[in-house]
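upload-v5.tsv (TSV, C-alpha atoms and all ligand atoms)
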```tsv
chain	number	residue	atom	x	y	z
A	1	MET	CA	-45.13	-64.16	-52.19
A	2	LYS	CA	-48.53	-62.52	-52.18
A	3	THR	CA	-48.47	-58.95	-50.89
A	4	LEU	CA	-50.95	-56.40	-49.54
A	5	LEU	CA	-50.78	-52.70	-50.08
A	6	LEU	CA	-50.25	-50.40	-47.14
A	7	PRO	CA	-52.20	-47.13	-47.27
A	8	SER	CA	-48.96	-45.47	-48.54
A	9	GLY	CA	-49.03	-47.76	-51.57
A	10	ASN	CA	-45.97	-49.75	-50.37
A	11	ALA	CA	-46.37	-53.53	-50.64
A	12	ILE	CA	-46.05	-55.84	-47.61
A	13	PRO	CA	-45.79	-59.67	-47.83
A	14	ILE	CA	-48.67	-61.55	-46.18
A	15	LEU	CA	-46.48	-64.18	-44.52
A	16	GLY	CA	-43.39	-63.28	-42.56
A	17	GLN	CA	-41.14	-64.39	-39.74
A	18	GLY	CA	-41.23	-63.36	-36.09
A	19	THR	CA	-38.14	-63.08	-33.87
A	20	TRP	CA	-39.33	-62.94	-30.26
A	21	TYR	CA	-36.93	-64.95	-28.06
A	22	MET	CA	-34.23	-64.91	-30.72
A	23	GLY	CA	-30.90	-63.40	-29.66
A	24	GLU	CA	-31.32	-64.45	-26.02
A	25	ASP	CA	-28.46	-66.94	-25.98
A	26	PRO	CA	-25.35	-66.79	-28.22
A	27	VAL	CA	-25.37	-70.61	-28.36
A	28	HIS	CA	-28.48	-70.50	-30.57
A	29	LYS	CA	-27.45	-67.53	-32.71
A	30	LYS	CA	-26.26	-69.47	-35.75
A	31	ARG	CA	-29.39	-71.61	-35.79
A	32	GLU	CA	-31.58	-68.52	-35.58
A	33	ILE	CA	-29.73	-66.77	-38.41
A	34	ASP	CA	-29.95	-69.92	-40.54
A	35	ALA	CA	-33.70	-70.19	-39.88
A	36	LEU	CA	-34.33	-66.60	-40.94
A	37	ARG	CA	-32.19	-67.08	-44.06
A	38	LEU	CA	-34.04	-70.27	-44.94
A	39	GLY	CA	-37.33	-68.44	-44.52
A	40	MET	CA	-36.10	-65.67	-46.81
A	41	ASP	CA	-34.98	-68.24	-49.40
A	42	LEU	CA	-38.53	-69.60	-49.31
A	43	GLY	CA	-40.01	-66.13	-49.84
A	44	MET	CA	-40.82	-65.14	-46.25
A	45	THR	CA	-38.98	-61.87	-46.57
A	46	LEU	CA	-41.02	-59.92	-44.03
A	47	ILE	CA	-39.06	-60.03	-40.78
A	48	ASP	CA	-40.63	-58.71	-37.59
A	49	THR	CA	-38.49	-57.68	-34.64
A	50	ALA	CA	-38.40	-55.12	-31.81
A	51	GLU	CA	-35.90	-53.24	-29.67
A	52	MET	CA	-37.44	-55.10	-26.73
A	53	TYR	CA	-36.57	-58.62	-27.90
A	54	ALA	CA	-33.49	-59.78	-26.00
A	55	ASP	CA	-32.68	-56.10	-25.37
A	56	GLY	CA	-31.71	-55.59	-28.99
A	57	GLY	CA	-30.27	-59.11	-29.35
A	58	ALA	CA	-33.01	-60.16	-31.78
A	59	GLU	CA	-32.30	-57.13	-33.98
A	60	GLU	CA	-28.64	-58.15	-34.04
A	61	VAL	CA	-29.60	-61.67	-35.17
A	62	VAL	CA	-31.78	-60.16	-37.89
A	63	GLY	CA	-28.93	-57.83	-38.89
A	64	LYS	CA	-26.68	-60.86	-39.46
A	65	ALA	CA	-29.41	-62.78	-41.30
A	66	ILE	CA	-30.10	-59.97	-43.77
A	67	GLN	CA	-26.48	-59.00	-44.34
A	68	GLY	CA	-26.03	-58.56	-48.09
A	69	ARG	CA	-29.76	-59.15	-48.66
A	70	ARG	CA	-31.35	-55.95	-47.36
A	71	ALA	CA	-33.12	-55.15	-50.64
A	72	GLU	CA	-35.05	-58.47	-50.47
A	73	VAL	CA	-36.41	-57.81	-47.01
A	74	PHE	CA	-39.45	-56.02	-45.61
A	75	LEU	CA	-38.05	-55.04	-42.23
A	76	VAL	CA	-40.34	-54.28	-39.28
A	77	SER	CA	-39.22	-53.14	-35.85
A	78	LYS	CA	-41.01	-51.73	-32.84
A	79	VAL	CA	-40.29	-48.93	-30.44
A	80	TYR	CA	-40.92	-49.23	-26.70
A	81	PRO	CA	-43.77	-46.98	-25.49
A	82	HIS	CA	-41.35	-45.20	-23.15
A	83	ASN	CA	-39.19	-44.32	-26.16
A	84	ALA	CA	-42.12	-43.04	-28.21
A	85	ASP	CA	-41.58	-39.31	-27.69
A	86	ARG	CA	-39.94	-36.88	-30.14
A	87	ARG	CA	-36.39	-37.15	-28.84
A	88	ALA	CA	-36.20	-40.71	-27.55
A	89	MET	CA	-37.77	-42.23	-30.67
A	90	LEU	CA	-35.15	-40.71	-32.91
A	91	LEU	CA	-32.39	-42.25	-30.77
A	92	ALA	CA	-34.20	-45.60	-30.40
A	93	CYS	CA	-34.64	-45.82	-34.16
A	94	GLU	CA	-30.95	-45.07	-34.73
A	95	ARG	CA	-29.99	-47.82	-32.27
A	96	SER	CA	-32.31	-50.30	-33.98
A	97	LEU	CA	-30.94	-49.41	-37.41
A	98	ARG	CA	-27.38	-49.83	-36.18
A	99	ARG	CA	-28.12	-53.29	-34.77
A	100	LEU	CA	-29.96	-54.23	-37.95
A	101	GLY	CA	-27.15	-52.93	-40.17
A	102	SER	CA	-29.68	-50.99	-42.24
A	103	ASP	CA	-30.25	-47.34	-42.95
A	104	TYR	CA	-34.04	-47.63	-43.02
A	105	LEU	CA	-36.98	-49.66	-41.72
A	106	ASP	CA	-39.89	-50.58	-43.95
A	107	LEU	CA	-42.28	-50.31	-41.04
A	108	TYR	CA	-41.80	-48.96	-37.52
A	109	LEU	CA	-44.48	-49.74	-34.94
A	110	LEU	CA	-45.36	-48.41	-31.51
A	111	HIS	CA	-45.11	-51.70	-29.53
A	112	TRP	CA	-48.04	-50.90	-27.28
A	113	ARG	CA	-49.66	-47.78	-25.93
A	114	GLY	CA	-47.90	-46.08	-23.03
A	115	SER	CA	-48.01	-42.68	-21.38
A	116	VAL	CA	-46.50	-40.56	-24.18
A	117	PRO	CA	-49.33	-38.66	-25.87
A	118	LEU	CA	-50.25	-40.30	-29.16
A	119	ALA	CA	-50.06	-36.97	-30.97
A	120	GLU	CA	-46.37	-36.67	-30.04
A	121	THR	CA	-45.65	-40.25	-31.11
A	122	LEU	CA	-47.26	-39.64	-34.49
A	123	GLU	CA	-45.23	-36.46	-34.90
A	124	ALA	CA	-42.04	-38.37	-34.11
A	125	PHE	CA	-42.97	-41.09	-36.63
A	126	GLU	CA	-43.64	-38.45	-39.28
A	127	SER	CA	-40.28	-36.81	-38.78
A	128	LEU	CA	-38.51	-40.18	-39.07
A	129	LYS	CA	-40.43	-40.77	-42.27
A	130	LYS	CA	-39.46	-37.38	-43.67
A	131	ALA	CA	-35.83	-38.11	-42.79
A	132	GLY	CA	-36.02	-41.37	-44.77
A	133	LYS	CA	-35.31	-43.54	-41.70
A	134	ILE	CA	-38.64	-45.35	-41.99
A	135	ARG	CA	-40.92	-45.93	-44.97
A	136	ASP	CA	-44.11	-46.44	-42.99
A	137	PHE	CA	-45.24	-46.41	-39.39
A	138	GLY	CA	-47.96	-48.13	-37.45
A	139	VAL	CA	-49.13	-49.41	-34.10
A	140	SER	CA	-49.43	-52.62	-32.15
A	141	ASN	CA	-51.91	-53.85	-29.54
A	142	PHE	CA	-54.29	-51.02	-30.40
A	143	ASP	CA	-57.98	-51.67	-29.81
A	144	ARG	CA	-60.72	-50.04	-31.86
A	145	ASN	CA	-60.94	-47.04	-29.52
A	146	ASP	CA	-57.19	-46.48	-29.77
A	147	MET	CA	-57.45	-46.67	-33.56
A	148	LEU	CA	-60.28	-44.13	-33.57
A	149	GLU	CA	-58.25	-41.81	-31.40
A	150	ALA	CA	-55.09	-42.17	-33.50
A	151	SER	CA	-56.87	-41.74	-36.80
A	152	ALA	CA	-58.38	-38.41	-35.67
A	153	LEU	CA	-54.94	-36.91	-34.91
A	154	PRO	CA	-52.61	-35.17	-37.37
A	155	GLY	CA	-50.61	-37.92	-39.12
A	156	GLY	CA	-53.16	-40.51	-37.98
A	157	ASP	CA	-54.22	-41.11	-41.57
A	158	GLN	CA	-50.73	-42.47	-42.23
A	159	VAL	CA	-50.92	-45.28	-39.65
A	160	ALA	CA	-50.14	-48.20	-41.92
A	161	ALA	CA	-50.86	-51.32	-39.87
A	162	ASN	CA	-51.92	-52.68	-36.50
A	163	GLN	CA	-50.08	-55.71	-35.11
A	164	LEU	CA	-52.17	-57.73	-32.69
A	165	LEU	CA	-52.63	-61.06	-30.98
A	166	TYR	CA	-54.89	-62.94	-33.35
A	167	ASN	CA	-55.26	-66.65	-33.92
A	168	LEU	CA	-57.97	-69.33	-33.84
A	169	MET	CA	-58.13	-69.22	-30.04
A	170	ARG	CA	-58.10	-65.39	-29.86
A	171	ARG	CA	-60.80	-64.12	-32.14
A	172	GLY	CA	-62.04	-61.14	-30.12
A	173	ALA	CA	-60.67	-58.66	-32.69
A	174	GLU	CA	-63.20	-59.97	-35.21
A	175	TRP	CA	-65.97	-58.17	-33.33
A	176	ASP	CA	-65.18	-54.61	-34.32
A	177	LEU	CA	-61.42	-54.09	-34.66
A	178	LEU	CA	-60.82	-56.20	-37.77
A	179	PRO	CA	-63.86	-54.71	-39.53
A	180	TRP	CA	-62.58	-51.21	-38.71
A	181	CYS	CA	-59.10	-52.01	-40.09
A	182	ARG	CA	-60.61	-53.59	-43.20
A	183	GLU	CA	-62.84	-50.58	-43.76
A	184	HIS	CA	-59.74	-48.37	-43.62
A	185	ALA	CA	-57.77	-50.73	-45.89
A	186	MET	CA	-55.29	-51.21	-43.05
A	187	PRO	CA	-53.48	-54.56	-42.85
A	188	VAL	CA	-53.57	-56.41	-39.55
A	189	MET	CA	-50.42	-58.32	-38.58
A	190	ALA	CA	-51.42	-61.39	-36.57
A	191	TYR	CA	-48.79	-62.10	-33.93
A	192	SER	CA	-48.49	-65.35	-31.96
A	193	PRO	CA	-50.46	-67.00	-34.79
A	194	LEU	CA	-49.60	-70.37	-33.20
A	195	GLU	CA	-50.07	-69.34	-29.54
A	196	SER	CA	-46.41	-69.19	-28.55
A	197	ALA	CA	-46.72	-70.18	-24.84
A	198	ALA	CA	-46.15	-73.94	-24.69
A	199	ASN	CA	-49.31	-74.94	-22.79
A	200	GLU	CA	-51.59	-72.70	-24.89
A	201	GLN	CA	-49.91	-73.88	-28.07
A	202	ARG	CA	-50.53	-77.50	-27.08
A	203	ARG	CA	-54.20	-76.67	-26.47
A	204	LEU	CA	-54.45	-75.15	-29.95
A	205	LEU	CA	-52.47	-77.72	-31.91
A	206	ASN	CA	-53.99	-80.73	-30.14
A	207	ASN	CA	-57.54	-79.65	-30.81
A	208	PRO	CA	-59.18	-82.75	-32.33
A	209	HIS	CA	-61.15	-80.79	-34.96
A	210	LEU	CA	-58.04	-78.93	-36.08
A	211	LYS	CA	-56.18	-82.24	-36.24
A	212	GLU	CA	-58.90	-83.81	-38.35
A	213	ILE	CA	-58.90	-80.92	-40.84
A	214	ALA	CA	-55.10	-81.14	-40.97
A	215	ARG	CA	-55.34	-84.85	-41.71
A	216	ARG	CA	-57.71	-84.17	-44.63
A	217	HIS	CA	-55.21	-81.74	-46.12
A	218	ASP	CA	-52.20	-83.94	-45.38
A	219	ALA	CA	-50.91	-80.98	-43.38
A	220	SER	CA	-50.03	-80.20	-39.76
A	221	PRO	CA	-52.43	-78.46	-37.35
A	222	ALA	CA	-50.07	-75.47	-37.29
A	223	GLN	CA	-50.34	-75.16	-41.06
A	224	ILE	CA	-54.13	-75.13	-40.86
A	225	ALA	CA	-54.02	-72.47	-38.13
A	226	LEU	CA	-51.83	-70.32	-40.40
A	227	ALA	CA	-53.87	-71.03	-43.54
A	228	TRP	CA	-56.97	-69.90	-41.63
A	229	LEU	CA	-55.33	-66.51	-40.98
A	230	LEU	CA	-53.81	-66.15	-44.42
A	231	ARG	CA	-57.05	-66.71	-46.27
A	232	GLN	CA	-58.46	-63.52	-44.75
A	233	GLU	CA	-58.31	-60.23	-46.57
A	234	HIS	CA	-55.96	-57.71	-44.95
A	235	VAL	CA	-54.38	-60.26	-42.58
A	236	ILE	CA	-50.64	-60.93	-42.39
A	237	ALA	CA	-49.17	-63.71	-40.22
A	238	ILE	CA	-45.70	-63.60	-38.65
A	239	PRO	CA	-44.95	-67.01	-37.08
A	240	LYS	CA	-41.60	-67.34	-35.38
A	241	ALA	CA	-39.70	-70.55	-36.08
A	242	VAL	CA	-36.13	-71.63	-35.43
A	243	ASP	CA	-36.63	-75.29	-36.31
A	244	PRO	CA	-36.04	-75.52	-40.09
A	245	ALA	CA	-38.88	-78.06	-40.42
A	246	HIS	CA	-41.22	-75.48	-38.89
A	247	VAL	CA	-39.93	-72.79	-41.28
A	248	ARG	CA	-40.68	-75.02	-44.27
A	249	GLU	CA	-44.08	-75.98	-42.91
A	250	ASN	CA	-45.02	-72.38	-42.31
A	251	ARG	CA	-44.16	-71.39	-45.86
A	252	ALA	CA	-46.16	-74.32	-47.22
A	253	SER	CA	-49.25	-73.22	-45.27
A	254	LEU	CA	-49.73	-70.54	-47.92
A	255	ASP	CA	-50.60	-73.21	-50.46
A	256	ILE	CA	-53.42	-74.75	-48.40
A	257	LEU	CA	-56.91	-73.84	-49.56
A	258	LEU	CA	-59.46	-74.32	-46.81
A	259	THR	CA	-62.92	-75.39	-47.92
A	260	ALA	CA	-66.24	-73.95	-46.73
A	261	GLN	CA	-66.67	-77.13	-44.68
A	262	ASP	CA	-63.23	-76.68	-43.05
A	263	LEU	CA	-64.12	-73.09	-42.15
A	264	ALA	CA	-67.48	-74.08	-40.71
A	265	GLU	CA	-65.82	-76.78	-38.59
A	266	LEU	CA	-63.21	-74.31	-37.38
A	267	ASP	CA	-65.98	-71.89	-36.36
A	268	GLN	CA	-67.55	-74.74	-34.37
A	269	ALA	CA	-64.30	-75.62	-32.65
A	270	PHE	CA	-63.08	-72.04	-32.10
A	271	ALA	CA	-66.12	-69.83	-31.78
A	272	PRO	CA	-66.10	-66.31	-33.21
A	273	PRO	CA	-66.89	-63.55	-30.69
A	274	LEU	CA	-70.50	-62.80	-29.70
A	275	ARG	CA	-69.74	-59.49	-28.02
A	276	SER	CA	-67.05	-56.86	-27.66
A	277	THR	CA	-64.16	-57.94	-25.40
A	278	PRO	CA	-60.93	-56.14	-24.46
A	279	LEU	CA	-58.11	-56.90	-26.87
A	280	ASP	CA	-55.86	-59.73	-25.66
A	281	MET	CA	-52.16	-59.07	-25.64
A	282	ARG	CA	-48.95	-60.88	-24.69
B	301	LIG	P1	-45.79	-68.02	-32.59
B	301	LIG	O1	-45.05	-67.61	-33.79
B	301	LIG	O2	-47.25	-68.20	-32.67
B	301	LIG	O3	-45.18	-69.33	-31.96
B	301	LIG	C1	-43.80	-69.55	-31.88
B	301	LIG	C2	-43.59	-70.97	-31.37
B	301	LIG	O4	-44.20	-71.88	-32.28
B	301	LIG	C3	-42.13	-71.37	-31.31
B	301	LIG	O5	-41.99	-72.18	-30.16
B	301	LIG	C4	-41.90	-72.20	-32.57
B	301	LIG	O6	-40.93	-73.21	-32.38
B	301	LIG	C5	-43.26	-72.84	-32.75
B	301	LIG	N1	-43.58	-73.11	-34.16
B	301	LIG	C6	-43.34	-72.32	-35.25
B	301	LIG	N2	-43.78	-72.91	-36.37
B	301	LIG	C7	-44.32	-74.10	-36.00
B	301	LIG	C8	-44.93	-75.17	-36.70
B	301	LIG	N3	-45.09	-75.12	-38.01
B	301	LIG	N4	-45.37	-76.24	-35.98
B	301	LIG	C9	-45.24	-76.28	-34.63
B	301	LIG	N5	-44.66	-75.30	-33.91
B	301	LIG	C10	-44.20	-74.22	-34.59
B	301	LIG	O7	-45.57	-66.97	-31.40
B	301	LIG	P2	-44.77	-65.62	-31.19
B	301	LIG	O8	-43.32	-65.80	-31.37
B	301	LIG	O9	-45.27	-65.07	-29.91
B	301	LIG	O10	-45.38	-64.67	-32.33
B	301	LIG	C11	-44.78	-64.51	-33.59
B	301	LIG	C12	-44.07	-63.18	-33.69
B	301	LIG	O11	-44.96	-62.09	-33.48
B	301	LIG	C13	-43.02	-62.94	-32.59
B	301	LIG	O12	-41.88	-63.73	-32.77
B	301	LIG	C14	-42.84	-61.46	-32.69
B	301	LIG	O13	-42.02	-61.12	-33.79
B	301	LIG	C15	-44.28	-61.00	-32.89
B	301	LIG	N6	-44.96	-60.65	-31.61
B	301	LIG	C16	-45.40	-59.37	-31.43
B	301	LIG	C17	-46.01	-58.99	-30.25
B	301	LIG	C18	-46.48	-57.58	-30.07
B	301	LIG	O14	-46.82	-57.18	-28.95
B	301	LIG	N7	-46.52	-56.80	-31.12
B	301	LIG	C19	-46.21	-59.93	-29.22
B	301	LIG	C20	-45.81	-61.24	-29.43
B	301	LIG	C21	-45.19	-61.59	-30.62
B	301	LIG	P3	-39.41	-73.12	-32.95
B	301	LIG	O15	-38.95	-71.70	-32.76
B	301	LIG	O16	-38.70	-74.12	-32.15
B	301	LIG	O17	-39.44	-73.49	-34.41
```

As structure tokens - that is how I would like this structure written.
Amino acid sequence: MKTLLLPSGNAIPILGQGTWYMGEDPVHKKREIDALRLGMDLGMTLIDTAEMYADGGAEEVVGKAIQGRRAEVFLVSKVYPHNADRRAMLLACERSLRRLGSDYLDLYLLHWRGSVPLAETLEAFESLKKAGKIRDFGVSNFDRNDMLEASALPGGDQVAANQLLYNLMRRGAEWDLLPWCREHAMPVMAYSPLESAANEQRRLLNNPHLKEIARRHDASPAQIALAWLLRQEHVIAIPKAVDPAHVRENRASLDILLTAQDLAELDQAFAPPLRSTPLDMR
């Protein structure tokens, strides 16, 4: 699996697996664990989760999936904004680690910005890093102004990644956020790369231009949407899939090489931004 380097020098795989909506219902647990294990077997060893997902249920699913395989995995979890102060973050991280059955996270992200001062959150991240509980820390749903603010604070130079809503239908970040991250050699983790909500996902995957490009590559529209993200420098994609056919397809999207004509057609069908817009988020 191709990797990118975080500013710390640690490597992060460019294609991973999301876990939102996993762990909600025990009936599906085995299927979810199997999907994550299949993804790992295929090289998608970055697993993204959060204390929020199913109130810790997704972390428990991940914990089962990585049992006995921790060393293979690049493990990402996220802290709730209301737990992002000095004391609460320490406890939240311990709870996440317990559910994950691990003694460290590769990357710990602030899920979105809340009311705890950023300076305090960065301090809390730094102390977790010093204690060896996390290898890197970063943010999620941060717009360019948030990034500017964070990077000016003590510890801000260690922010390793920004996870944001980015896919063919949500290209606003290309205006000034992606360029800023690129300039600072900071990987962007594209979440909802396939537009998770059913109606929006249908709108994306049924786009006739996307379908035509997929046909030319003997691929699915979802694979083209992922290949479009993965071809970009500094971009990581974390699709979530429980269906094993989806898991296999997602891994195979890495092998698709889009041509200049494909890219031009995608720009026609899904226009890049012409002005600054507020960052979309789920
Ligand atoms: P997504 O990965 O774009 O879409 C997930 C949906 O797409 C599922 O219904 C899945 O079905 C389906 N799917 C997966 N692969 C497919 C394929 N090859 N063809 C057709 N359908 C496919 O959306 P997401 O779950 O919102 O985002 C991915 C991950 O990003 C999350 O799971 C989470 O870890 C993270 N995330 C982070 C934030 C944040 O605020 N930081 C917000 C949202 C998400 P099956 O499951 O049935 O296979």

Cut-off 7 Å, all atoms listed in the file, neighbours of ligand LIG 301 (chain B) as a ChimeraX atom specification: /A:17-21,48-49,111-112,140-141,163-165,191-196,222-223,238-244,246-247,249-250,281-282

Output the selection as a CSV table (one decimal), keeping the file's coordinate frame - C-alpha atoms for each residue.
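Below you can see out25.csv, which holds the result:
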```csv
chain,number,residue,atom,x,y,z
A,17,GLN,CA,-41.1,-64.4,-39.7
A,18,GLY,CA,-41.2,-63.4,-36.1
A,19,THR,CA,-38.1,-63.1,-33.9
A,20,TRP,CA,-39.3,-62.9,-30.3
A,21,TYR,CA,-36.9,-65.0,-28.1
A,48,ASP,CA,-40.6,-58.7,-37.6
A,49,THR,CA,-38.5,-57.7,-34.6
A,111,HIS,CA,-45.1,-51.7,-29.5
A,112,TRP,CA,-48.0,-50.9,-27.3
A,140,SER,CA,-49.4,-52.6,-32.2
A,141,ASN,CA,-51.9,-53.8,-29.5
A,163,GLN,CA,-50.1,-55.7,-35.1
A,164,LEU,CA,-52.2,-57.7,-32.7
A,165,LEU,CA,-52.6,-61.1,-31.0
A,191,TYR,CA,-48.8,-62.1,-33.9
A,192,SER,CA,-48.5,-65.4,-32.0
A,193,PRO,CA,-50.5,-67.0,-34.8
A,194,LEU,CA,-49.6,-70.4,-33.2
A,195,GLU,CA,-50.1,-69.3,-29.5
A,196,SER,CA,-46.4,-69.2,-28.6
A,222,ALA,CA,-50.1,-75.5,-37.3
A,223,GLN,CA,-50.3,-75.2,-41.1
A,238,ILE,CA,-45.7,-63.6,-38.6
A,239,PRO,CA,-45.0,-67.0,-37.1
A,240,LYS,CA,-41.6,-67.3,-35.4
A,241,ALA,CA,-39.7,-70.6,-36.1
A,242,VAL,CA,-36.1,-71.6,-35.4
A,243,ASP,CA,-36.6,-75.3,-36.3
A,244,PRO,CA,-36.0,-75.5,-40.1
A,246,HIS,CA,-41.2,-75.5,-38.9
A,247,VAL,CA,-39.9,-72.8,-41.3
A,249,GLU,CA,-44.1,-76.0,-42.9
A,250,ASN,CA,-45.0,-72.4,-42.3
A,281,MET,CA,-52.2,-59.1,-25.6
A,282,ARG,CA,-49.0,-60.9,-24.7
```

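Compared by their closest atoms to His82 of chain A, and using all atoms listed in the file, the residues A:Cys181, A:Ala260, A:Leu42, A:Leu118 rank with A:Leu118 nearest.
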
Protein, DNA and RNA residues within 12 Å of (-43.3, -46.0, -27.7), all atoms listed in the file, as number ranges by chain: A: 50-52, 77-93, 108-122, 124-125, 137-141

Residues just named, written with C-alpha atoms as an mmCIF file, in the coordinates of the input:
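Below is the file that was written, again_3.cif:
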```
data_model
loop_
_atom_site.group_PDB
_atom_site.id
_atom_site.type_symbol
_atom_site.label_atom_id
_atom_site.label_comp_id
_atom_site.auth_asym_id
_atom_site.auth_seq_id
_atom_site.Cartn_x
_atom_site.Cartn_y
_atom_site.Cartn_z
ATOM 1 C CA ALA A 50 -38.400 -55.120 -31.810
ATOM 2 C CA GLU A 51 -35.900 -53.240 -29.670
ATOM 3 C CA MET A 52 -37.440 -55.100 -26.730
ATOM 4 C CA SER A 77 -39.220 -53.140 -35.850
ATOM 5 C CA LYS A 78 -41.010 -51.730 -32.840
ATOM 6 C CA VAL A 79 -40.290 -48.930 -30.440
ATOM 7 C CA TYR A 80 -40.920 -49.230 -26.700
ATOM 8 C CA PRO A 81 -43.770 -46.980 -25.490
ATOM 9 C CA HIS A 82 -41.350 -45.200 -23.150
ATOM 10 C CA ASN A 83 -39.190 -44.320 -26.160
ATOM 11 C CA ALA A 84 -42.120 -43.040 -28.210
ATOM 12 C CA ASP A 85 -41.580 -39.310 -27.690
ATOM 13 C CA ARG A 86 -39.940 -36.880 -30.140
ATOM 14 C CA ARG A 87 -36.390 -37.150 -28.840
ATOM 15 C CA ALA A 88 -36.200 -40.710 -27.550
ATOM 16 C CA MET A 89 -37.770 -42.230 -30.670
ATOM 17 C CA LEU A 90 -35.150 -40.710 -32.910
ATOM 18 C CA LEU A 91 -32.390 -42.250 -30.770
ATOM 19 C CA ALA A 92 -34.200 -45.600 -30.400
ATOM 20 C CA CYS A 93 -34.640 -45.820 -34.160
ATOM 21 C CA TYR A 108 -41.800 -48.960 -37.520
ATOM 22 C CA LEU A 109 -44.480 -49.740 -34.940
ATOM 23 C CA LEU A 110 -45.360 -48.410 -31.510
ATOM 24 C CA HIS A 111 -45.110 -51.700 -29.530
ATOM 25 C CA TRP A 112 -48.040 -50.900 -27.280
ATOM 26 C CA ARG A 113 -49.660 -47.780 -25.930
ATOM 27 C CA GLY A 114 -47.900 -46.080 -23.030
ATOM 28 C CA SER A 115 -48.010 -42.680 -21.380
ATOM 29 C CA VAL A 116 -46.500 -40.560 -24.180
ATOM 30 C CA PRO A 117 -49.330 -38.660 -25.870
ATOM 31 C CA LEU A 118 -50.250 -40.300 -29.160
ATOM 32 C CA ALA A 119 -50.060 -36.970 -30.970
ATOM 33 C CA GLU A 120 -46.370 -36.670 -30.040
ATOM 34 C CA THR A 121 -45.650 -40.250 -31.110
ATOM 35 C CA LEU A 122 -47.260 -39.640 -34.490
ATOM 36 C CA ALA A 124 -42.040 -38.370 -34.110
ATOM 37 C CA PHE A 125 -42.970 -41.090 -36.630
ATOM 38 C CA PHE A 137 -45.240 -46.410 -39.390
ATOM 39 C CA GLY A 138 -47.960 -48.130 -37.450
ATOM 40 C CA VAL A 139 -49.130 -49.410 -34.100
ATOM 41 C CA SER A 140 -49.430 -52.620 -32.150
ATOM 42 C CA ASN A 141 -51.910 -53.850 -29.540
#
```

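With atom CA of Ala35 of chain A on one side and atom CA of Ala161 of chain A on the other, the separation reads 25.5 Å.
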
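Between Glu212 of chain A and the residues A:Ile224, A:Ser102, A:Gly16, A:Arg170, the shortest atom-to-atom distance, using all atoms listed in the file, involves A:Ile224.
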
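Interatomic distance, atom CA of Leu226 of chain A to atom CA of Lys64 of chain A: 26.9 Å.
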
Contacts of Val235 of chain A within 7 Å, all atoms listed in the file, excl. fewer than 3 positions in-chain, as a ChimeraX atom specification: /A:14,187-190,229-230,232

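One finds atom CA of Arg99 of chain A at 4.9 Å from atom CA of Glu60 of chain A.
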
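Using only C-alpha atoms, the smallest distance between any of A:Ala227, A:Ala65, A:Val76, A:Leu6 and Thr259 of chain A comes from A:Ala227.
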
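In this comparison, which uses all atoms listed in the file, the residue of A:Ala58, A:Ala173, A:Leu258, A:Leu178 approaching Leu274 of chain A most closely is A:Ala173.
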
Pick from A:Asn207, A:Glu149, A:Gly155, A:Asn162, whichever lies nearest to Leu107 of chain A using all atoms listed in the file: A:Asn162

Selection: 10 Å around Val73 of chain A, all atoms listed in the file, excl. self and same-chain fewer than 3 positions, as a PyMOL selection string: chain A and resi 12-13+16+40+43-47+66+69-70+76+105-106

What does the file look like for those residues with C-alpha atoms, as an mmCIF file, in the frame of the given file?
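Writing done, so here's again14.cif:
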```
data_model
loop_
_atom_site.group_PDB
_atom_site.id
_atom_site.type_symbol
_atom_site.label_atom_id
_atom_site.label_comp_id
_atom_site.auth_asym_id
_atom_site.auth_seq_id
_atom_site.Cartn_x
_atom_site.Cartn_y
_atom_site.Cartn_z
ATOM 1 C CA ILE A 12 -46.050 -55.840 -47.610
ATOM 2 C CA PRO A 13 -45.790 -59.670 -47.830
ATOM 3 C CA GLY A 16 -43.390 -63.280 -42.560
ATOM 4 C CA MET A 40 -36.100 -65.670 -46.810
ATOM 5 C CA GLY A 43 -40.010 -66.130 -49.840
ATOM 6 C CA MET A 44 -40.820 -65.140 -46.250
ATOM 7 C CA THR A 45 -38.980 -61.870 -46.570
ATOM 8 C CA LEU A 46 -41.020 -59.920 -44.030
ATOM 9 C CA ILE A 47 -39.060 -60.030 -40.780
ATOM 10 C CA ILE A 66 -30.100 -59.970 -43.770
ATOM 11 C CA ARG A 69 -29.760 -59.150 -48.660
ATOM 12 C CA ARG A 70 -31.350 -55.950 -47.360
ATOM 13 C CA VAL A 76 -40.340 -54.280 -39.280
ATOM 14 C CA LEU A 105 -36.980 -49.660 -41.720
ATOM 15 C CA ASP A 106 -39.890 -50.580 -43.950
#
```

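Nearest residue to Gly23 of chain A among A:Ala225, A:Ala54, A:Ala237, A:Ala197 is A:Ala54, counting all atoms listed in the file.
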